[in-house]
$ cat protein.txt   # compact mmCIF, C-alpha atoms
# COMPACT_ATOMS: atom_id res chain seq x y z
CA MET A 110 46.35 38.36 -112.56
CA ASN A 111 50.14 38.08 -112.67
CA ILE A 112 51.52 36.87 -116.00
CA LEU A 113 54.92 35.45 -116.92
CA LEU A 114 55.86 35.91 -120.57
CA ILE A 115 58.65 33.69 -121.88
CA GLY A 116 60.76 35.06 -124.74
CA GLY A 117 62.82 38.01 -125.83
CA GLY A 118 62.03 38.85 -129.44
CA GLY A 119 59.72 41.08 -131.43
CA ARG A 120 56.86 38.61 -131.06
CA GLU A 121 57.16 38.81 -127.28
CA HIS A 122 57.31 42.62 -127.30
CA ALA A 123 54.06 42.64 -129.29
CA LEU A 124 52.48 40.17 -126.85
CA ALA A 125 53.68 42.22 -123.87
CA TRP A 126 52.32 45.41 -125.47
CA LYS A 127 48.92 43.76 -125.97
CA LEU A 128 48.74 42.00 -122.60
CA LYS A 129 49.60 45.28 -120.87
CA GLN A 130 46.28 46.66 -122.14
CA SER A 131 44.22 44.01 -120.32
CA PRO A 132 42.20 45.20 -117.31
CA GLU A 133 42.75 41.74 -115.81
CA LEU A 134 46.53 42.18 -115.70
CA GLU A 135 48.23 43.02 -112.42
CA THR A 136 51.98 42.48 -112.99
CA LEU A 137 53.56 41.35 -116.24
CA TYR A 138 56.90 39.59 -115.83
CA CYS A 139 59.15 38.56 -118.71
CA ALA A 140 62.30 36.51 -119.26
CA PRO A 141 64.71 36.91 -120.91
CA GLY A 142 63.09 39.99 -122.49
CA ASN A 143 64.71 42.87 -124.35
CA ALA A 144 65.07 46.63 -124.01
CA GLY A 145 61.63 47.30 -125.47
CA ILE A 146 59.80 44.65 -123.48
CA PHE A 147 61.15 46.04 -120.22
CA SER A 148 59.44 49.34 -120.92
CA VAL A 149 56.13 47.52 -120.21
CA ALA A 150 57.17 44.44 -118.20
CA THR A 151 59.19 43.55 -115.10
CA PRO A 152 62.30 41.38 -115.57
CA ALA A 153 61.95 37.88 -114.14
CA PRO A 154 65.29 36.65 -112.70
CA ILE A 155 65.10 33.15 -114.17
CA ASP A 156 66.78 30.93 -116.74
CA VAL A 157 63.95 29.89 -119.06
CA SER A 158 65.75 26.60 -119.83
CA ASP A 159 65.52 25.66 -116.13
CA SER A 160 61.98 24.35 -115.74
CA ALA A 161 62.32 23.85 -111.99
CA GLY A 162 63.46 27.44 -111.62
CA VAL A 163 60.57 28.70 -113.73
CA VAL A 164 58.08 26.72 -111.64
CA ALA A 165 59.61 28.04 -108.40
CA PHE A 166 59.40 31.63 -109.65
CA CYS A 167 55.77 31.17 -110.70
CA ARG A 168 54.84 29.94 -107.25
CA LYS A 169 56.71 32.73 -105.50
CA ALA A 170 55.29 35.48 -107.75
CA GLY A 171 51.73 34.13 -107.79
CA ILE A 172 51.70 33.66 -111.56
CA GLY A 173 48.20 32.92 -112.90
CA LEU A 174 49.26 32.20 -116.48
CA VAL A 175 52.53 31.58 -118.29
CA VAL A 176 52.59 32.67 -121.94
CA VAL A 177 55.33 30.90 -123.93
CA GLY A 178 56.30 32.90 -127.02
CA PRO A 179 59.04 30.96 -128.88
CA GLU A 180 59.10 27.36 -130.02
CA ALA A 181 62.26 26.10 -128.31
CA PRO A 182 60.87 26.03 -124.74
CA LEU A 183 57.74 24.27 -126.02
CA VAL A 184 59.76 21.62 -127.83
CA ALA A 185 61.87 21.20 -124.66
CA GLY A 186 58.73 20.46 -122.61
CA LEU A 187 58.37 23.61 -120.49
CA SER A 188 54.58 23.56 -120.84
CA ASP A 189 54.44 19.97 -119.59
CA ASP A 190 56.47 20.83 -116.50
CA LEU A 191 54.29 23.84 -115.73
CA ARG A 192 51.05 21.88 -116.15
CA ALA A 193 52.41 19.09 -113.95
CA ALA A 194 53.01 21.73 -111.28
CA GLY A 195 49.45 23.00 -111.60
CA ILE A 196 50.42 26.28 -113.29
CA PRO A 197 48.23 27.32 -116.25
CA VAL A 198 50.18 27.80 -119.45
CA SER A 199 49.47 29.09 -122.93
CA GLY A 200 51.61 26.83 -125.08
CA ALA A 201 51.68 23.39 -126.67
CA SER A 202 52.91 20.27 -124.92
CA LYS A 203 56.20 18.71 -125.97
CA ALA A 204 54.37 15.95 -127.84
CA ALA A 205 52.07 18.40 -129.64
CA ALA A 206 55.01 20.68 -130.46
CA GLN A 207 56.28 17.95 -132.78
CA LEU A 208 54.08 19.63 -135.38
CA GLU A 209 56.84 22.23 -135.60
CA ALA A 210 59.83 20.30 -134.29
CA SER A 211 59.62 17.63 -136.99
CA LYS A 212 58.52 18.31 -140.54
CA SER A 213 58.30 14.57 -141.17
CA PHE A 214 55.88 14.27 -138.22
CA THR A 215 53.59 16.87 -139.80
CA LYS A 216 53.82 15.15 -143.17
CA ALA A 217 52.71 11.91 -141.53
CA ILE A 218 49.68 13.71 -140.07
CA CYS A 219 48.88 15.04 -143.52
CA ASP A 220 49.10 11.54 -145.02
CA GLU A 221 46.93 10.11 -142.26
CA ARG A 222 44.15 12.69 -142.55
CA GLY A 223 44.29 13.61 -146.24
CA ILE A 224 45.41 17.17 -145.54
CA PRO A 225 46.50 18.87 -148.79
CA THR A 226 50.25 19.43 -148.88
CA ALA A 227 53.24 19.19 -151.21
CA ALA A 228 54.43 15.81 -152.46
CA TYR A 229 57.56 14.85 -150.56
CA GLY A 230 60.24 12.36 -149.59
CA TYR A 231 61.81 11.87 -146.15
CA PHE A 232 65.45 10.84 -145.83
CA LYS A 233 67.82 10.02 -142.98
CA ASP A 234 70.98 9.78 -145.04
CA ARG A 235 72.78 11.82 -147.67
CA ALA A 236 72.94 9.13 -150.36
CA SER A 237 69.21 8.40 -150.52
CA ALA A 238 68.37 12.12 -150.50
CA LEU A 239 70.77 12.75 -153.38
CA ALA A 240 69.33 9.82 -155.34
CA TYR A 241 65.81 11.20 -154.83
CA VAL A 242 66.55 14.68 -156.16
CA ARG A 243 68.44 13.26 -159.14
CA ALA A 244 65.44 11.12 -159.98
CA GLN A 245 62.82 13.81 -159.31
CA GLY A 246 64.54 16.76 -160.92
CA THR A 247 64.08 20.38 -159.93
CA PRO A 248 62.72 22.82 -158.83
CA LEU A 249 62.17 21.52 -155.31
CA VAL A 250 62.61 22.47 -151.66
CA VAL A 251 65.09 20.90 -149.23
CA LYS A 252 64.18 21.25 -145.55
CA ALA A 253 66.05 20.31 -142.42
CA ASP A 254 63.61 18.09 -140.54
CA GLY A 255 64.04 19.83 -137.17
CA LEU A 256 64.09 23.36 -135.81
CA ALA A 257 66.43 25.73 -137.63
CA ALA A 258 65.26 29.23 -136.61
CA GLY A 259 63.52 29.75 -139.94
CA LYS A 260 66.71 29.17 -141.92
CA GLY A 261 66.50 25.43 -142.63
CA VAL A 262 64.38 25.76 -145.79
CA ILE A 263 66.34 25.97 -149.03
CA MET A 264 64.64 26.70 -152.36
CA CYS A 265 66.42 24.88 -155.16
CA GLU A 266 65.93 25.80 -158.82
CA THR A 267 68.72 23.56 -160.15
CA LEU A 268 70.08 20.12 -159.40
CA ALA A 269 73.38 21.65 -158.28
CA GLU A 270 71.53 23.81 -155.75
CA ALA A 271 69.60 20.79 -154.46
CA GLU A 272 72.75 18.74 -154.06
CA ALA A 273 74.44 21.62 -152.24
CA ALA A 274 71.41 22.01 -149.94
CA ILE A 275 71.53 18.34 -149.00
CA GLU A 276 75.24 18.64 -148.26
CA THR A 277 74.53 21.71 -146.14
CA CYS A 278 71.96 19.84 -144.05
CA PHE A 279 73.89 16.62 -143.56
CA GLY A 280 77.12 18.57 -143.20
CA GLY A 281 76.00 19.97 -139.86
CA ALA A 282 74.96 23.53 -140.74
CA PHE A 283 71.75 23.07 -138.75
CA GLY A 284 73.12 20.74 -136.10
CA GLU A 285 70.99 17.73 -135.23
CA SER A 286 68.03 19.35 -137.00
CA GLY A 287 69.69 18.54 -140.33
CA ASN A 288 70.37 14.86 -139.56
CA SER A 289 67.28 14.07 -141.63
CA VAL A 290 65.59 16.03 -144.41
CA VAL A 291 62.23 16.44 -146.06
CA ILE A 292 62.40 17.14 -149.80
CA GLU A 293 59.25 18.60 -151.32
CA GLU A 294 57.88 19.66 -154.64
CA MET A 295 58.01 23.43 -155.05
CA LEU A 296 54.43 24.61 -154.81
CA VAL A 297 53.21 27.38 -157.08
CA GLY A 298 50.90 30.07 -155.75
CA GLU A 299 50.85 32.80 -153.11
CA GLU A 300 51.91 32.21 -149.52
CA ALA A 301 49.82 33.12 -146.50
CA SER A 302 50.02 32.60 -142.75
CA PHE A 303 46.86 31.54 -140.91
CA PHE A 304 46.42 31.37 -137.14
CA ALA A 305 44.01 29.57 -134.83
CA LEU A 306 43.76 29.43 -131.04
CA CYS A 307 43.17 25.83 -130.00
CA ASP A 308 41.92 24.24 -126.78
CA GLY A 309 42.66 20.61 -127.63
CA THR A 310 39.29 20.01 -129.29
CA ARG A 311 38.15 23.27 -130.87
CA ALA A 312 39.94 25.89 -132.93
CA LEU A 313 39.10 29.59 -132.88
CA PRO A 314 40.27 31.23 -136.12
CA LEU A 315 42.33 34.33 -135.46
CA ALA A 316 43.57 36.31 -138.44
CA SER A 317 45.80 35.96 -141.46
CA ALA A 318 49.08 37.55 -142.45
CA GLN A 319 51.61 37.41 -145.27
CA ASP A 320 55.30 37.15 -144.46
CA TYR A 321 58.28 38.18 -146.59
CA LYS A 322 61.03 35.65 -145.86
CA ARG A 323 63.81 36.49 -148.29
CA ALA A 324 66.52 38.86 -147.09
CA HIS A 325 66.41 41.39 -149.93
CA ASP A 326 64.05 43.30 -152.21
CA GLY A 327 62.34 41.41 -154.97
CA ASP A 328 62.25 38.27 -152.82
CA THR A 329 65.93 37.63 -153.41
CA GLY A 330 68.67 36.44 -151.08
CA LEU A 331 68.59 33.80 -148.37
CA ASN A 332 65.55 32.79 -146.37
CA THR A 333 65.41 34.50 -142.99
CA GLY A 334 63.21 34.42 -139.92
CA GLY A 335 61.09 37.06 -141.69
CA MET A 336 61.91 40.53 -143.04
CA GLY A 337 58.42 41.99 -142.88
CA CYS A 338 54.76 41.18 -142.79
CA VAL A 339 51.29 42.47 -143.61
CA SER A 340 47.84 41.64 -142.27
CA PRO A 341 45.38 40.62 -143.49
CA ALA A 342 46.81 38.39 -146.21
CA PRO A 343 45.52 39.98 -149.41
CA MET A 344 43.73 36.89 -150.75
CA MET A 345 42.11 35.79 -147.47
CA ILE A 346 38.34 35.95 -148.04
CA PRO A 347 35.82 34.27 -145.67
CA ALA A 348 35.24 31.30 -147.99
CA LEU A 349 38.98 30.57 -148.10
CA GLN A 350 39.24 30.83 -144.30
CA ASP A 351 36.39 28.34 -143.95
CA GLN A 352 38.12 25.95 -146.36
CA ILE A 353 41.39 26.18 -144.41
CA MET A 354 39.60 25.44 -141.15
CA ARG A 355 37.69 22.52 -142.68
CA GLU A 356 40.47 20.87 -144.70
CA ILE A 357 43.61 21.68 -142.70
CA ILE A 358 43.15 22.95 -139.12
CA THR A 359 40.27 20.74 -137.92
CA PRO A 360 41.70 17.46 -139.31
CA THR A 361 45.01 18.26 -137.62
CA LEU A 362 43.34 18.82 -134.25
CA ASP A 363 41.38 15.60 -134.68
CA ALA A 364 44.55 13.68 -135.48
CA MET A 365 46.43 15.06 -132.49
CA ARG A 366 43.58 14.32 -130.11
CA ALA A 367 43.26 10.77 -131.49
CA ARG A 368 46.97 10.23 -130.78
CA GLY A 369 46.45 11.23 -127.16
CA THR A 370 48.42 14.45 -127.64
CA PRO A 371 45.75 17.17 -127.97
CA PHE A 372 46.96 20.50 -129.24
CA GLN A 373 46.44 23.49 -126.94
CA GLY A 374 47.86 26.85 -127.92
CA VAL A 375 48.37 28.90 -131.05
CA LEU A 376 48.58 26.88 -134.25
CA TYR A 377 50.18 28.70 -137.17
CA ALA A 378 49.68 27.22 -140.62
CA GLY A 379 52.08 28.31 -143.34
CA LEU A 380 50.07 27.90 -146.53
CA MET A 381 50.42 28.05 -150.27
CA ILE A 382 47.25 29.30 -151.91
CA ALA A 383 47.32 27.53 -155.26
CA ALA A 384 44.81 27.39 -158.11
CA GLN A 385 43.39 24.14 -156.71
CA GLY A 386 43.06 25.51 -153.19
CA PRO A 387 45.15 25.92 -150.02
CA LYS A 388 47.99 23.53 -149.27
CA LEU A 389 49.90 23.21 -146.01
CA ILE A 390 53.58 24.09 -146.25
CA GLU A 391 54.37 23.65 -142.56
CA TYR A 392 53.08 24.20 -139.05
CA ASN A 393 54.42 26.33 -136.24
CA VAL A 394 53.11 25.89 -132.71
CA ARG A 395 53.14 29.56 -131.65
CA PHE A 396 52.55 33.01 -133.04
CA GLY A 397 54.80 33.87 -135.94
CA ASP A 398 57.48 36.51 -135.79
CA PRO A 399 56.86 39.09 -137.34
CA GLU A 400 53.26 37.94 -137.92
CA CYS A 401 52.38 38.38 -134.25
CA GLN A 402 53.20 42.06 -134.46
CA VAL A 403 50.65 42.84 -137.17
CA LEU A 404 48.02 40.60 -135.53
CA MET A 405 48.34 42.33 -132.16
CA LEU A 406 47.99 45.72 -133.85
CA ARG A 407 44.70 44.62 -135.45
CA LEU A 408 43.22 42.74 -132.46
CA LYS A 409 40.63 44.97 -130.79
CA SER A 410 39.63 42.45 -128.10
CA ASP A 411 41.45 41.69 -124.87
CA LEU A 412 43.99 38.94 -125.60
CA LEU A 413 44.30 37.65 -122.03
CA PRO A 414 40.84 36.01 -121.67
CA ALA A 415 41.37 34.16 -124.95
CA LEU A 416 44.75 32.76 -123.88
CA LYS A 417 43.29 31.78 -120.48
CA ALA A 418 40.39 29.96 -122.15
CA ALA A 419 42.66 27.95 -124.43
CA ALA A 420 44.86 27.03 -121.47
CA ALA A 421 41.75 25.90 -119.56
CA GLY A 422 40.61 23.74 -122.49
CA ASP A 423 37.52 25.63 -123.72
CA VAL A 424 37.48 28.50 -126.22
CA SER A 425 33.82 27.99 -127.14
CA ALA A 426 32.67 31.20 -125.42
CA ILE A 427 35.45 33.40 -126.82
CA GLN A 428 34.67 35.93 -129.52
CA LEU A 429 37.40 38.17 -130.86
CA GLU A 430 36.95 41.44 -132.71
CA TRP A 431 39.45 42.48 -135.35
CA SER A 432 40.04 45.91 -136.80
CA GLN A 433 39.29 46.37 -140.47
CA ASP A 434 42.50 48.40 -140.70
CA ALA A 435 45.56 46.97 -142.41
CA ALA A 436 48.88 46.55 -140.61
CA THR A 437 52.47 46.38 -141.88
CA THR A 438 55.69 45.44 -140.11
CA VAL A 439 59.12 46.17 -141.57
CA VAL A 440 62.06 44.36 -139.98
CA MET A 441 65.26 46.33 -139.50
CA ALA A 442 68.16 43.88 -139.33
CA ALA A 443 71.88 44.19 -138.67
CA ASN A 444 74.04 44.49 -141.77
CA GLY A 445 75.12 41.02 -142.84
CA TYR A 446 72.04 39.19 -141.52
CA PRO A 447 71.24 36.30 -141.98
CA GLY A 448 74.99 35.76 -142.10
CA ASP A 449 77.56 37.28 -139.76
CA TYR A 450 76.68 40.63 -138.19
CA ARG A 451 77.93 43.01 -135.49
CA LYS A 452 76.31 43.50 -132.11
CA GLY A 453 76.49 46.56 -129.90
CA THR A 454 75.85 49.26 -132.48
CA VAL A 455 73.82 52.26 -131.27
CA ILE A 456 70.28 52.95 -132.51
CA CYS A 457 68.79 56.46 -132.31
CA GLY A 458 65.45 58.04 -133.14
CA LEU A 459 63.18 55.34 -131.73
CA ASP A 460 61.03 57.66 -129.62
CA GLY A 461 60.30 59.92 -132.54
CA ALA A 462 59.54 57.02 -134.86
CA GLY A 463 57.05 55.55 -132.41
CA LYS A 464 55.15 58.85 -132.17
CA LEU A 465 54.43 59.10 -135.89
CA PRO A 466 50.78 58.51 -136.98
CA GLY A 467 49.78 54.86 -136.62
CA ALA A 468 53.32 53.71 -135.83
CA THR A 469 54.58 51.35 -133.13
CA VAL A 470 58.17 50.11 -132.86
CA PHE A 471 58.57 46.62 -131.39
CA HIS A 472 62.05 45.62 -130.24
CA ALA A 473 63.43 42.24 -131.29
CA GLY A 474 67.19 41.97 -130.73
CA THR A 475 67.99 44.94 -128.51
CA SER A 476 69.63 45.67 -125.17
CA ALA A 477 70.09 48.77 -123.04
CA GLY A 478 73.53 50.36 -122.93
CA CYS A 479 75.26 51.73 -119.83
CA ALA A 480 74.14 55.27 -120.64
CA GLY A 481 70.58 54.19 -121.44
CA GLU A 482 71.08 54.05 -125.20
CA ILE A 483 69.51 51.26 -127.24
CA LEU A 484 71.98 48.78 -128.70
CA ALA A 485 71.57 46.13 -131.40
CA ALA A 486 71.88 42.69 -129.84
CA GLY A 487 70.77 40.32 -132.58
CA GLY A 488 70.23 39.78 -136.29
CA ARG A 489 66.65 40.97 -136.57
CA VAL A 490 66.68 44.00 -134.30
CA LEU A 491 63.53 46.12 -134.74
CA ASN A 492 59.99 45.55 -136.02
CA VAL A 493 58.82 48.93 -137.27
CA SER A 494 55.05 48.63 -137.53
CA ALA A 495 52.04 50.70 -138.46
CA VAL A 496 48.30 50.51 -139.04
CA GLY A 497 46.34 52.36 -141.70
CA LYS A 498 42.95 52.42 -143.35
CA ASP A 499 44.32 50.20 -146.12
CA ALA A 500 47.50 48.39 -147.10
CA GLU A 501 48.91 51.44 -148.87
CA GLU A 502 48.55 53.74 -145.87
CA ALA A 503 49.88 51.14 -143.41
CA ARG A 504 52.93 50.58 -145.60
CA ALA A 505 53.61 54.31 -146.03
CA ARG A 506 53.37 54.90 -142.28
CA ALA A 507 55.68 52.00 -141.48
CA TYR A 508 58.36 53.26 -143.86
CA ALA A 509 58.00 56.81 -142.54
CA ALA A 510 58.84 55.40 -139.10
CA VAL A 511 61.77 53.43 -140.54
CA ASP A 512 63.15 56.63 -142.07
CA ALA A 513 62.96 58.38 -138.69
CA ILE A 514 65.33 55.83 -137.13
CA GLU A 515 69.06 56.50 -137.22
CA TRP A 516 70.98 53.24 -137.44
CA PRO A 517 73.73 53.12 -140.09
CA SER A 518 74.59 49.54 -139.12
CA GLY A 519 71.15 48.24 -140.09
CA PHE A 520 69.15 47.60 -143.23
CA CYS A 521 65.63 46.68 -144.27
CA ARG A 522 63.72 45.62 -147.33
CA ARG A 523 61.98 48.54 -149.05
CA ASP A 524 59.25 46.50 -150.74
CA ILE A 525 57.31 44.91 -147.87
CA GLY A 526 53.63 44.73 -148.83
CA TRP A 527 54.16 44.81 -152.58
CA ARG A 528 51.80 41.88 -153.15
CA SER A 529 48.96 43.68 -151.37
CA LEU A 530 49.55 46.82 -153.40
CA ASN A 531 49.73 44.88 -156.67
CA ARG A 532 46.44 43.16 -155.86
CA LYS A 533 44.83 46.52 -155.13
CA ALA A 534 46.14 47.96 -158.40
CA ALA A 535 44.92 45.02 -160.53
CA PRO A 536 41.80 45.73 -162.63

$ encode --input "protein.txt" --output "structure tokens"
Amino acid sequence: MNILLIGGGGREHALAWKLKQSPELETLYCAPGNAGIFSVATPAPIDVSDSAGVVAFCRKAGIGLVVVGPEAPLVAGLSDDLRAAGIPVSGASKAAAQLEASKSFTKAICDERGIPTAAYGYFKDRASALAYVRAQGTPLVVKADGLAAGKGVIMCETLAEAEAAIETCFGGAFGESGNSVVIEEMLVGEEASFFALCDGTRALPLASAQDYKRAHDGDTGLNTGGMGCVSPAPMMIPALQDQIMREIITPTLDAMRARGTPFQGVLYAGLMIAAQGPKLIEYNVRFGDPECQVLMLRLKSDLLPALKAAAAGDVSAIQLEWSQDAATTVVMAANGYPGDYRKGTVICGLDGAGKLPGATVFHAGTSAGCAGEILAAGGRVLNVSAVGKDAEEARARAYAAVDAIEWPSGFCRRDIGWRSLNRKAAP
């Protein structure tokens, strides 16, 4: 089978790496891709924002399945256009992608189905949002309602911070995504990411992960698209997984189907595990990044049949096997990220890093230079990953690979996985 993979980040490199292992795969195409992806995939000469061009390429290349990695093409309706053309696609419809594209939409689903989540207010203007936070007090969380590349969530400990966050949103920092805001109570607990592969009716639980969003050690600095990740999430026991499926994932699928917009694809629940149980923070309608990287390292089964089954509307016969090993991903980002950063700096030592025990280096924002060197081409540039028999070994191997890479213009957090290690050390 010929596959077209849409995307060009670390998530897509991990998907390409995993799909390449499938005995069903003939040719793997990718657009726009990156320097790492093109070590395992063939460039597709298409503009992924041009649905007609994507459809034409799929027909010409005999594509049997399109795998859409990032959220933006899903929200733009690429999956709908492909399905209308009779081309199987792994990815949510435009209507179903509202679960990620609009936080207020997801909150309405939670209200409708009694899904546990944070108390909130939804506001379309600056004045009413400011009045709400002044009445509620802090701490709280201000969120741009629409897509903001993981940066539209602002944690506010003081009233001044909350007021500034509202001004940031309505002041245009996130474009149209900040024209309305959701303001939530700040939940207390431990965060986890939970994934399920959905066929419109049923959900197949995948695996859990724990992301580290803040830019710097000690969970300080601005929120980012993710600075590292571990899998499994340290608190994720079978009983908790069952509760998440029962109270959060299944009611969401039921609600979407009842609305006439069934959800097909990967559903990613960002959760807060509190004393009273799991609460939904937000949904994403695709694999996380960098969560996908640790999940693909732990998935022992062939990914392709599972994606095909979800696209065909029936995952009931799919069984996936997961390694008991732990996995860690450390993101290496360009100095200055998530603010201004330089592109075009040279990265060395990648081959050696990837040959260390248990290590795999996934490219995120990279390009190939004229002389074949690897250049930084984004904010989050590399996902240095490793597996090990436990969280401690996986973490040590990942950082050994980080230390083998020569890139003075980059940085990383040095404490990814600290929650897992603390849990292990607790009596």

$ residues_around --input "protein.txt" --residues "range 142-156 of chain A" --least-positions-apart "4" --cutoff "8 Å" --atoms "all atoms listed in the file" --output "PyMOL selection string"
chain A and resi 113+115-118+121-122+125-126+129+136-138+162-163+166+471-477+483

$ atom_distance --input "protein.txt" --atom1 "CA of Asn492 in chain A" --atom2 "CA of Gly337 in chain A"
7.9 Å

$ atom_distance --input "protein.txt" --atom1 "CA of Thr310 in chain A" --atom2 "CA of Met354 in chain A"
13.0 Å

$ residues_near_point --input "protein.txt" --point "(53.6, 24.0, -116.7)" --cutoff "10 Å" --atoms "all atoms listed in the file" --output "ChimeraX atom specification"
/A:160-161,163-164,167,174-175,186-200,202

$ residues_around --input "protein.txt" --residues "Ala435 in chain A" --least-positions-apart "3" --cutoff "10 Å" --atoms "only C-alpha atoms" --output "ChimeraX atom specification"
/A:339-343,403-404,406-407,432,495-504

$ closest_atom_pairs --input "protein.txt" --of "range 252-336 of chain A" --to "range 415-418 of chain A" --cutoff "10 Å" --atoms "only C-alpha atoms" --output "JSON lines"
{"residue": "A:Leu306", "atom": "CA", "partner": "A:Leu416", "partner_atom": "CA", "distance": 8.0}
{"residue": "A:Cys307", "atom": "CA", "partner": "A:Ala418", "partner_atom": "CA", "distance": 9.3}
{"residue": "A:Asp308", "atom": "CA", "partner": "A:Ala418", "partner_atom": "CA", "distance": 7.5}
{"residue": "A:Leu313", "atom": "CA", "partner": "A:Ala415", "partner_atom": "CA", "distance": 9.4}

$ closest_atom_pairs --input "protein.txt" --of "range 312-414 of chain A" --to "range 282-305 of chain A" --cutoff "8 Å" --atoms "all atoms listed in the file" --output "Markdown table"
| residue | atom | partner | partner_atom | distance |
| --- | --- | --- | --- | --- |
| A:Ala312 | CA | A:Ala305 | CA | 5.8 |
| A:Leu313 | CA | A:Ala305 | CA | 5.3 |
| A:Pro314 | CA | A:Ala305 | CA | 4.3 |
| A:Leu315 | CA | A:Ala305 | CA | 5.1 |
| A:Ala316 | CA | A:Phe304 | CA | 5.8 |
| A:Ser317 | CA | A:Phe303 | CA | 4.6 |
| A:Ala318 | CA | A:Ser302 | CA | 5.0 |
| A:Gln319 | CA | A:Ala301 | CA | 4.8 |
| A:Asp320 | CA | A:Ala301 | CA | 7.1 |
| A:Ala342 | CA | A:Ala301 | CA | 6.1 |
| A:Ile358 | CA | A:Ala305 | CA | 7.9 |
| A:Val375 | CA | A:Ala305 | CA | 5.8 |
| A:Leu376 | CA | A:Ala305 | CA | 5.3 |
| A:Tyr377 | CA | A:Phe304 | CA | 4.6 |
| A:Ala378 | CA | A:Phe303 | CA | 5.2 |
| A:Gly379 | CA | A:Ser302 | CA | 4.8 |
| A:Leu380 | CA | A:Ala301 | CA | 5.2 |
| A:Met381 | CA | A:Glu300 | CA | 4.5 |
| A:Ile382 | CA | A:Glu299 | CA | 5.2 |
| A:Ala383 | CA | A:Gly298 | CA | 4.4 |
| A:Ala384 | CA | A:Gly298 | CA | 7.1 |
| A:Phe396 | CA | A:Phe304 | CA | 7.6 |
| A:Glu400 | CA | A:Ser302 | CA | 7.9 |

$ write_last_selection --input "protein.txt" --atoms "C-alpha atoms" --output "JSON list (two decimals), keeping the file's coordinate frame"
[["chain", "number", "residue", "atom", "x", "y", "z"],
["A", 312, "ALA", "CA", 39.94, 25.89, -132.93],
["A", 313, "LEU", "CA", 39.10, 29.59, -132.88],
["A", 314, "PRO", "CA", 40.27, 31.23, -136.12],
["A", 315, "LEU", "CA", 42.33, 34.33, -135.46],
["A", 316, "ALA", "CA", 43.57, 36.31, -138.44],
["A", 317, "SER", "CA", 45.80, 35.96, -141.46],
["A", 318, "ALA", "CA", 49.08, 37.55, -142.45],
["A", 319, "GLN", "CA", 51.61, 37.41, -145.27],
["A", 320, "ASP", "CA", 55.30, 37.15, -144.46],
["A", 342, "ALA", "CA", 46.81, 38.39, -146.21],
["A", 358, "ILE", "CA", 43.15, 22.95, -139.12],
["A", 375, "VAL", "CA", 48.37, 28.90, -131.05],
["A", 376, "LEU", "CA", 48.58, 26.88, -134.25],
["A", 377, "TYR", "CA", 50.18, 28.70, -137.17],
["A", 378, "ALA", "CA", 49.68, 27.22, -140.62],
["A", 379, "GLY", "CA", 52.08, 28.31, -143.34],
["A", 380, "LEU", "CA", 50.07, 27.90, -146.53],
["A", 381, "MET", "CA", 50.42, 28.05, -150.27],
["A", 382, "ILE", "CA", 47.25, 29.30, -151.91],
["A", 383, "ALA", "CA", 47.32, 27.53, -155.26],
["A", 384, "ALA", "CA", 44.81, 27.39, -158.11],
["A", 396, "PHE", "CA", 52.55, 33.01, -133.04],
["A", 400, "GLU", "CA", 53.26, 37.94, -137.92]]

$ residues_near_point --input "protein.txt" --point "(53.7, 22.1, -149.7)" --cutoff "6 Å" --atoms "only C-alpha atoms" --output "tab-separated table (two decimals) with C-alpha atoms, in the coordinates of the input"
chain	number	residue	atom	x	y	z
A	226	THR	CA	50.25	19.43	-148.88
A	227	ALA	CA	53.24	19.19	-151.21
A	296	LEU	CA	54.43	24.61	-154.81
A	388	LYS	CA	47.99	23.53	-149.27
A	389	LEU	CA	49.90	23.21	-146.01
A	390	ILE	CA	53.58	24.09	-146.25

$ closest_residue --input "protein.txt" --among "A:Arg168, A:Lys212, A:His325, A:Arg523" --to "Lys252 in chain A" --atoms "only C-alpha atoms"
A:Lys212

$ closest_residue --input "protein.txt" --among "A:Ala271, A:Leu183, A:Leu429, A:Val440" --to "Gly246 in chain A" --atoms "all atoms listed in the file"
A:Ala271

$ residues_around --input "protein.txt" --residues "Pro399 in chain A" --least-positions-apart "2" --cutoff "7 Å" --atoms "only C-alpha atoms" --output "PDB file with C-alpha atoms, in the coordinates of the input"
ATOM      1  CA  GLY A 119      59.720  41.080-131.430  1.00  0.00           C
ATOM      2  CA  ARG A 120      56.860  38.610-131.060  1.00  0.00           C
ATOM      3  CA  GLY A 335      61.090  37.060-141.690  1.00  0.00           C
ATOM      4  CA  GLY A 337      58.420  41.990-142.880  1.00  0.00           C
ATOM      5  CA  CYS A 338      54.760  41.180-142.790  1.00  0.00           C
ATOM      6  CA  GLY A 397      54.800  33.870-135.940  1.00  0.00           C
ATOM      7  CA  CYS A 401      52.380  38.380-134.250  1.00  0.00           C
ATOM      8  CA  GLN A 402      53.200  42.060-134.460  1.00  0.00           C
TER       9      GLN A 402
END

$ closest_residue --input "protein.txt" --among "A:Ile172, A:Gly461, A:Thr247, A:Arg235" --to "Thr277 in chain A" --atoms "all atoms listed in the file"
A:Arg235

$ residues_around --input "protein.txt" --residues "Phe372 in chain A" --least-positions-apart "2" --cutoff "7 Å" --atoms "only C-alpha atoms" --output "PyMOL selection string"
chain A and resi 201+205+307-309+362+365+370+374

$ closest_residue --input "protein.txt" --among "A:Asp423, A:Asp434, A:Glu482, A:Asp328" --to "Met264 in chain A" --atoms "all atoms listed in the file"
A:Asp328

$ atom_distance --input "protein.txt" --atom1 "CA of Gln428 in chain A" --atom2 "CA of Ala367 in chain A"
26.7 Å

$ closest_residue --input "protein.txt" --among "A:Ala468, A:Leu331, A:Ala204, A:Val511" --to "Val262 in chain A" --atoms "only C-alpha atoms"
A:Leu331
